[in-house]
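The file start-v2.pdb comes next; it holds PDB, C-alpha atoms.
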MODEL        1
ATOM      1  CA  MET A 739     126.331 186.086  83.639  1.00  0.00           C
ATOM      2  CA  PRO A 740     124.734 183.084  85.438  1.00  0.00           C
ATOM      3  CA  ASN A 741     121.927 183.737  87.875  1.00  0.00           C
ATOM      4  CA  GLU A 742     121.668 182.547  91.481  1.00  0.00           C
ATOM      5  CA  ASN A 743     119.575 179.493  90.609  1.00  0.00           C
ATOM      6  CA  THR A 744     122.080 178.371  87.966  1.00  0.00           C
ATOM      7  CA  ILE A 745     124.924 178.672  90.491  1.00  0.00           C
ATOM      8  CA  ARG A 746     122.986 176.597  93.053  1.00  0.00           C
ATOM      9  CA  VAL A 747     122.174 173.918  90.454  1.00  0.00           C
ATOM     10  CA  LEU A 748     125.796 173.679  89.331  1.00  0.00           C
ATOM     11  CA  PHE A 749     127.050 173.419  92.906  1.00  0.00           C
ATOM     12  CA  PHE A 750     124.439 170.746  93.697  1.00  0.00           C
ATOM     13  CA  ILE A 751     125.718 168.701  90.759  1.00  0.00           C
ATOM     14  CA  VAL A 752     129.366 169.183  91.719  1.00  0.00           C
ATOM     15  CA  ARG A 753     128.635 168.536  95.415  1.00  0.00           C
ATOM     16  CA  CYS A 754     126.799 165.252  94.784  1.00  0.00           C
ATOM     17  CA  SER A 755     129.403 163.997  92.347  1.00  0.00           C
ATOM     18  CA  ALA A 756     132.302 164.938  94.614  1.00  0.00           C
ATOM     19  CA  ALA A 757     130.696 163.604  97.803  1.00  0.00           C
ATOM     20  CA  GLY A 758     129.793 160.272  96.216  1.00  0.00           C
ATOM     21  CA  THR A 759     133.201 159.809  94.640  1.00  0.00           C
ATOM     22  CA  PHE A 760     135.207 160.982  97.645  1.00  0.00           C
ATOM     23  CA  SER A 761     133.143 158.736  99.960  1.00  0.00           C
ATOM     24  CA  TYR A 762     133.965 155.737  97.816  1.00  0.00           C
ATOM     25  CA  LEU A 763     137.667 156.592  97.707  1.00  0.00           C
ATOM     26  CA  ALA A 764     137.830 157.260 101.464  1.00  0.00           C
ATOM     27  CA  ALA A 765     136.056 153.998 102.348  1.00  0.00           C
ATOM     28  CA  ALA A 766     138.283 152.038  99.972  1.00  0.00           C
ATOM     29  CA  ALA A 767     141.415 153.709 101.376  1.00  0.00           C
ATOM     30  CA  LEU A 768     140.296 152.735 104.887  1.00  0.00           C
ATOM     31  CA  GLY A 769     139.904 149.140 103.728  1.00  0.00           C
ATOM     32  CA  LEU A 770     136.161 148.973 104.317  1.00  0.00           C
ATOM     33  CA  PRO A 771     134.841 145.918 102.484  1.00  0.00           C
ATOM     34  CA  HIS A 772     131.899 147.566 100.675  1.00  0.00           C
ATOM     35  CA  PRO A 773     132.775 151.207  99.862  1.00  0.00           C
ATOM     36  CA  ASN A 774     129.658 151.350  97.674  1.00  0.00           C
ATOM     37  CA  TRP A 775     127.564 151.851 100.841  1.00  0.00           C
ATOM     38  CA  ALA A 776     129.602 154.961 101.675  1.00  0.00           C
ATOM     39  CA  THR A 777     128.864 156.353  98.208  1.00  0.00           C
ATOM     40  CA  LEU A 778     125.152 155.638  98.473  1.00  0.00           C
ATOM     41  CA  SER A 779     124.973 157.120 101.952  1.00  0.00           C
ATOM     42  CA  ALA A 780     126.669 160.333 100.811  1.00  0.00           C
ATOM     43  CA  LEU A 781     124.144 160.647  97.994  1.00  0.00           C
ATOM     44  CA  ILE A 782     121.151 159.825 100.203  1.00  0.00           C
ATOM     45  CA  VAL A 783     121.958 162.628 102.661  1.00  0.00           C
ATOM     46  CA  SER A 784     122.648 165.141  99.853  1.00  0.00           C
ATOM     47  CA  GLN A 785     119.457 167.171  99.737  1.00  0.00           C
ATOM     48  CA  GLU A 786     118.568 170.525  98.159  1.00  0.00           C
ATOM     49  CA  THR A 787     119.046 172.650 101.282  1.00  0.00           C
ATOM     50  CA  LEU A 788     121.555 172.457 104.121  1.00  0.00           C
ATOM     51  CA  GLY A 789     118.706 172.105 106.616  1.00  0.00           C
ATOM     52  CA  ASP A 790     117.305 169.131 104.703  1.00  0.00           C
ATOM     53  CA  THR A 791     120.777 167.586 104.430  1.00  0.00           C
ATOM     54  CA  THR A 792     121.292 168.023 108.176  1.00  0.00           C
ATOM     55  CA  SER A 793     117.952 166.358 108.881  1.00  0.00           C
ATOM     56  CA  ALA A 794     118.753 163.500 106.475  1.00  0.00           C
ATOM     57  CA  LEU A 795     122.139 163.044 108.171  1.00  0.00           C
ATOM     58  CA  VAL A 796     120.626 162.812 111.652  1.00  0.00           C
ATOM     59  CA  TRP A 797     117.917 160.352 110.608  1.00  0.00           C
ATOM     60  CA  ARG A 798     120.414 158.312 108.568  1.00  0.00           C
ATOM     61  CA  LEU A 799     122.745 157.929 111.546  1.00  0.00           C
ATOM     62  CA  ILE A 800     119.960 157.129 114.028  1.00  0.00           C
ATOM     63  CA  GLY A 801     118.206 154.718 111.667  1.00  0.00           C
ATOM     64  CA  SER A 802     121.441 152.986 110.721  1.00  0.00           C
ATOM     65  CA  PHE A 803     122.331 152.526 114.387  1.00  0.00           C
ATOM     66  CA  ILE A 804     118.902 150.991 115.044  1.00  0.00           C
ATOM     67  CA  GLY A 805     119.210 148.707 112.006  1.00  0.00           C
ATOM     68  CA  VAL A 806     122.682 147.466 112.955  1.00  0.00           C
ATOM     69  CA  THR A 807     121.648 146.966 116.573  1.00  0.00           C
ATOM     70  CA  MET A 808     118.522 145.091 115.519  1.00  0.00           C
ATOM     71  CA  ALA A 809     120.549 142.838 113.180  1.00  0.00           C
ATOM     72  CA  ILE A 810     122.945 141.933 115.981  1.00  0.00           C
ATOM     73  CA  ALA A 811     120.097 141.332 118.442  1.00  0.00           C
ATOM     74  CA  ILE A 812     118.019 139.209 116.046  1.00  0.00           C
ATOM     75  CA  ASP A 813     121.072 137.166 115.087  1.00  0.00           C
ATOM     76  CA  TRP A 814     121.973 136.630 118.739  1.00  0.00           C
ATOM     77  CA  ILE A 815     118.414 135.584 119.662  1.00  0.00           C
ATOM     78  CA  LEU A 816     117.438 133.535 116.598  1.00  0.00           C
ATOM     79  CA  THR A 817     120.660 131.809 115.489  1.00  0.00           C
ATOM     80  CA  PRO A 818     120.557 129.232 118.326  1.00  0.00           C
ATOM     81  CA  LEU A 819     117.007 128.372 117.180  1.00  0.00           C
ATOM     82  CA  SER A 820     117.445 128.614 113.406  1.00  0.00           C
ATOM     83  CA  SER A 821     120.028 129.847 110.906  1.00  0.00           C
ATOM     84  CA  ASP A 822     117.339 130.472 108.273  1.00  0.00           C
ATOM     85  CA  ILE A 823     118.055 133.923 106.831  1.00  0.00           C
ATOM     86  CA  ALA A 824     114.436 134.317 105.725  1.00  0.00           C
ATOM     87  CA  LEU A 825     113.270 133.860 109.323  1.00  0.00           C
ATOM     88  CA  HIS A 826     115.827 136.405 110.555  1.00  0.00           C
ATOM     89  CA  LEU A 827     114.669 138.854 107.859  1.00  0.00           C
ATOM     90  CA  ALA A 828     110.975 138.337 108.649  1.00  0.00           C
ATOM     91  CA  VAL A 829     111.361 138.906 112.383  1.00  0.00           C
ATOM     92  CA  GLY A 830     113.906 141.711 112.194  1.00  0.00           C
ATOM     93  CA  LEU A 831     112.115 143.601 109.444  1.00  0.00           C
ATOM     94  CA  ALA A 832     108.868 143.352 111.415  1.00  0.00           C
ATOM     95  CA  PHE A 833     110.525 144.938 114.455  1.00  0.00           C
ATOM     96  CA  CYS A 834     112.196 147.613 112.327  1.00  0.00           C
ATOM     97  CA  ALA A 835     108.928 148.381 110.529  1.00  0.00           C
ATOM     98  CA  ALA A 836     107.196 148.773 113.890  1.00  0.00           C
ATOM     99  CA  ILE A 837     109.895 151.239 114.963  1.00  0.00           C
ATOM    100  CA  ALA A 838     109.773 153.152 111.669  1.00  0.00           C
ATOM    101  CA  ARG A 839     105.965 153.271 111.336  1.00  0.00           C
ATOM    102  CA  GLY A 840     104.916 156.908 111.230  1.00  0.00           C
ATOM    103  CA  ARG A 841     108.543 158.084 111.211  1.00  0.00           C
ATOM    104  CA  PRO A 842     109.740 158.208 107.589  1.00  0.00           C
ATOM    105  CA  GLY A 843     113.230 159.278 108.612  1.00  0.00           C
ATOM    106  CA  LEU A 844     113.687 156.036 110.551  1.00  0.00           C
ATOM    107  CA  ARG A 845     112.820 153.768 107.612  1.00  0.00           C
ATOM    108  CA  VAL A 846     116.551 153.533 106.990  1.00  0.00           C
ATOM    109  CA  CYS A 847     116.616 151.089 109.934  1.00  0.00           C
ATOM    110  CA  MET A 848     114.767 148.551 107.757  1.00  0.00           C
ATOM    111  CA  TRP A 849     117.229 148.938 104.879  1.00  0.00           C
ATOM    112  CA  THR A 850     120.217 148.805 107.194  1.00  0.00           C
ATOM    113  CA  PHE A 851     118.920 145.712 108.965  1.00  0.00           C
ATOM    114  CA  ALA A 852     118.415 143.913 105.643  1.00  0.00           C
ATOM    115  CA  ILE A 853     121.785 145.042 104.278  1.00  0.00           C
ATOM    116  CA  VAL A 854     123.612 143.779 107.370  1.00  0.00           C
ATOM    117  CA  ILE A 855     121.841 140.411 107.339  1.00  0.00           C
ATOM    118  CA  LEU A 856     122.189 139.939 103.575  1.00  0.00           C
ATOM    119  CA  THR A 857     125.817 141.045 103.196  1.00  0.00           C
ATOM    120  CA  ARG A 858     127.233 138.881 105.995  1.00  0.00           C
ATOM    121  CA  VAL A 859     129.853 136.517 104.628  1.00  0.00           C
ATOM    122  CA  PRO A 860     130.962 133.669 106.896  1.00  0.00           C
ATOM    123  CA  PRO A 861     133.133 133.399 108.872  1.00  0.00           C
ATOM    124  CA  ASP A 862     132.377 137.040 109.783  1.00  0.00           C
ATOM    125  CA  SER A 863     129.717 137.489 112.425  1.00  0.00           C
ATOM    126  CA  VAL A 864     126.678 139.713 112.040  1.00  0.00           C
ATOM    127  CA  ALA A 865     128.300 142.021 114.604  1.00  0.00           C
ATOM    128  CA  ILE A 866     131.428 142.426 112.457  1.00  0.00           C
ATOM    129  CA  THR A 867     129.325 142.897 109.345  1.00  0.00           C
ATOM    130  CA  GLY A 868     127.192 145.455 111.193  1.00  0.00           C
ATOM    131  CA  PHE A 869     130.281 147.317 112.316  1.00  0.00           C
ATOM    132  CA  PHE A 870     131.572 147.552 108.748  1.00  0.00           C
ATOM    133  CA  ARG A 871     128.192 148.531 107.224  1.00  0.00           C
ATOM    134  CA  GLY A 872     127.729 151.120 109.982  1.00  0.00           C
ATOM    135  CA  ALA A 873     131.200 152.529 109.371  1.00  0.00           C
ATOM    136  CA  GLU A 874     130.584 152.700 105.621  1.00  0.00           C
ATOM    137  CA  VAL A 875     127.235 154.445 106.088  1.00  0.00           C
ATOM    138  CA  MET A 876     128.526 156.857 108.728  1.00  0.00           C
ATOM    139  CA  LEU A 877     131.591 157.777 106.675  1.00  0.00           C
ATOM    140  CA  GLY A 878     129.527 158.447 103.553  1.00  0.00           C
ATOM    141  CA  ALA A 879     126.849 160.393 105.405  1.00  0.00           C
ATOM    142  CA  LEU A 880     129.403 162.590 107.150  1.00  0.00           C
ATOM    143  CA  ILE A 881     131.299 163.222 103.911  1.00  0.00           C
ATOM    144  CA  GLY A 882     128.058 164.080 102.111  1.00  0.00           C
ATOM    145  CA  PHE A 883     127.174 166.493 104.906  1.00  0.00           C
ATOM    146  CA  GLY A 884     130.679 167.963 104.902  1.00  0.00           C
ATOM    147  CA  PHE A 885     130.577 168.623 101.179  1.00  0.00           C
ATOM    148  CA  HIS A 886     127.216 170.353 101.596  1.00  0.00           C
ATOM    149  CA  GLN A 887     128.618 172.532 104.385  1.00  0.00           C
ATOM    150  CA  LEU A 888     131.632 173.406 102.245  1.00  0.00           C
ATOM    151  CA  THR A 889     129.680 174.237  99.096  1.00  0.00           C
ATOM    152  CA  ALA A 890     127.092 176.226 101.073  1.00  0.00           C
ATOM    153  CA  LEU A 891     129.927 178.303 102.493  1.00  0.00           C
ATOM    154  CA  VAL A 892     131.497 178.845  99.074  1.00  0.00           C
ATOM    155  CA  VAL A 893     128.213 179.689  97.354  1.00  0.00           C
ATOM    156  CA  ASN A 894     126.655 181.845 100.087  1.00  0.00           C
ATOM    157  CA  ARG A 895     129.751 183.666 101.301  1.00  0.00           C
ATOM    158  CA  LEU A 896     131.952 183.930  98.226  1.00  0.00           C
ATOM    159  CA  ILE A 897     130.097 183.482  94.951  1.00  0.00           C
ATOM    160  CA  LEU A 898     126.603 184.903  95.448  1.00  0.00           C
ATOM    161  CA  PRO A 899     127.726 188.185  97.095  1.00  0.00           C
ATOM    162  CA  ARG A 900     130.056 188.807  94.138  1.00  0.00           C
ATOM    163  CA  LEU A 901     127.367 187.836  91.648  1.00  0.00           C
ATOM    164  CA  ARG A 902     124.923 190.244  93.298  1.00  0.00           C
ATOM    165  CA  ARG A 903     127.519 192.997  93.404  1.00  0.00           C
ATOM    166  CA  TYR A 904     128.376 192.605  89.703  1.00  0.00           C
ATOM    167  CA  SER A 905     124.776 192.257  88.587  1.00  0.00           C
ATOM    168  CA  GLY A 906     123.787 195.352  90.538  1.00  0.00           C
ATOM    169  CA  SER A 907     121.198 193.589  92.696  1.00  0.00           C
ATOM    170  CA  ASP A 908     123.147 194.446  95.832  1.00  0.00           C
ATOM    171  CA  ARG A 909     122.577 198.203  95.377  1.00  0.00           C
TER     172      ARG A 909
ENDMDL
END

Show me, as structure tokens, the structure contained in the file I just sent.
Amino acid sequence: MPNENTIRVLFFIVRCSAAGTFSYLAAAALGLPHPNWATLSALIVSQETLGDTTSALVWRLIGSFIGVTMAIAIDWILTPLSSDIALHLAVGLAFCAAIARGRPGLRVCMWTFAIVILTRVPPDSVAITGFFRGAEVMLGALIGFGFHQLTALVVNRLILPRLRRYSGSDR
């Protein structure tokens, strides 16, 4: 009979695989242009414990919002002066790094900023690109969190009580 740790390991594996795959399929079904970001986001928020996953979700959403907002703002301010992507990256990443300094959970704003700037394909604007990257990230993060909630419920309420009852550790 498997022990509690084995059950948790197996459900972690299943949860990560399912969340990453389902995020990709959902983003593709919604017509989002880069469903890979939904997959990565689902996997990034998938932590060992539900509390850690919840924390990762919150920081991922806040940091992504900051990164998208910063990309739009930097594009709006700098494009009339220069269309040099390297300049936009240098300035925007500096601002994002200043925001994230001392707050590891907010470092996602730097990644998000860079992803938005670097994945823009004309004629789309940075704002449109930011909207799509934000949607992809949010969808994946929420699916990753949802799968953790679901598996935590199944493991903690259904499987482990039965395992304990059958193994005699509930007596």

Rank A:Pro899, A:Gly878, A:Pro740, A:Pro818 by their smallest atom-to-atom distance to Ala780 of chain A, using all atoms listed in the file, and report the top residue only. A:Gly878

Quick one: which residues end up in the PyMOL selection byres ((chain A and resi 836-838) around 12) for this structure, as a ChimeraX atom specification? /A:797,800-802,804-805,808,829-835,839-849

Any chance you could work out the residue set of the PyMOL selection byres ((chain A and resi 883) around 8) here, as an mmCIF file with C-alpha atoms, in the frame of the given file?
data_model
loop_
_atom_site.group_PDB
_atom_site.id
_atom_site.type_symbol
_atom_site.label_atom_id
_atom_site.label_comp_id
_atom_site.auth_asym_id
_atom_site.auth_seq_id
_atom_site.Cartn_x
_atom_site.Cartn_y
_atom_site.Cartn_z
ATOM 1 C CA ALA A 780 126.669 160.333 100.811
ATOM 2 C CA VAL A 783 121.958 162.628 102.661
ATOM 3 C CA SER A 784 122.648 165.141 99.853
ATOM 4 C CA THR A 791 120.777 167.586 104.430
ATOM 5 C CA THR A 792 121.292 168.023 108.176
ATOM 6 C CA LEU A 795 122.139 163.044 108.171
ATOM 7 C CA ALA A 879 126.849 160.393 105.405
ATOM 8 C CA LEU A 880 129.403 162.590 107.150
ATOM 9 C CA ILE A 881 131.299 163.222 103.911
ATOM 10 C CA GLY A 882 128.058 164.080 102.111
ATOM 11 C CA GLY A 884 130.679 167.963 104.902
ATOM 12 C CA PHE A 885 130.577 168.623 101.179
ATOM 13 C CA HIS A 886 127.216 170.353 101.596
ATOM 14 C CA GLN A 887 128.618 172.532 104.385
#

Given the PyMOL selection byres ((chain A and resi 762) around 9) and the file above, list the residues it selects as a PyMOL selection string. chain A and resi 757-761+763-767+772-778+878

One-decimal distance in Å that lies between atom CA of Ala890 of chain A and atom CA of Ile751 of chain A: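 Pair atom CA of Ile751 of chain A / atom CA of Ala890 of chain A returns 12.8 Å.
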
Could you give me, as a list in words, the residues within 8 Å of Ala809 of chain A, counting only C-alpha atoms and dropping anything in the same chain fewer than 3 positions from it? Gly805, Val806, Ile812, Asp813, Gly830, Phe851, Ala852, Val854, Ile855, Val864, Ala865 and Gly868 of chain A

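Across A:Ala794, A:Leu891, A:Leu827, A:Leu770, the tightest approach to Thr867 of chain A is made by A:Leu770 when counting only C-alpha atoms.
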
Could you state the separation of atom CA of Val859 of chain A and atom CA of Pro771 of chain A in Å, given to one decimal place? 10.9 Å

May I ask which of the residues A:Ser905, A:Ser793, A:Ser821, A:Thr807 is the closest one to Phe869 of chain A, counting all atoms listed in the file? A:Thr807

Exercise on segment 757-766 of chain A, axis-aligned box with 3 Å per side, report centre and edge lengths in Å to one decimal, as AutoDock Vina command-line options:
--center_x 134.0 --center_y 157.8 --center_z 98.5 --size_x 14.5 --size_y 17.6 --size_z 13.7

Can you work out the spacing between atom CA of Asn743 of chain A and atom CA of Leu898 of chain A in Å, to one decimal?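 So the two atoms, atom CA of Asn743 of chain A and atom CA of Leu898 of chain A, lie 10.1 Å apart.
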
List as a tab-separated table every residue of segment 764-872 of chain A that is in contact with segment 747-750 of chain A, defined as an atom at most 12 Å from one of its atoms (using all atoms listed in the file), together with the nearest atom pair and the distance in Å rounded to one decimal, sorted by chain and then rising number.
residue	atom	partner	partner_atom	distance
A:Leu781	CA	A:Phe750	CA	11.0
A:Ser784	CA	A:Phe750	CA	8.5
A:Gln785	CA	A:Phe750	CA	8.6
A:Glu786	CA	A:Phe750	CA	7.4
A:Thr787	CA	A:Phe750	CA	9.5
A:Leu788	CA	A:Phe750	CA	11.0
A:Thr791	CA	A:Phe750	CA	11.8
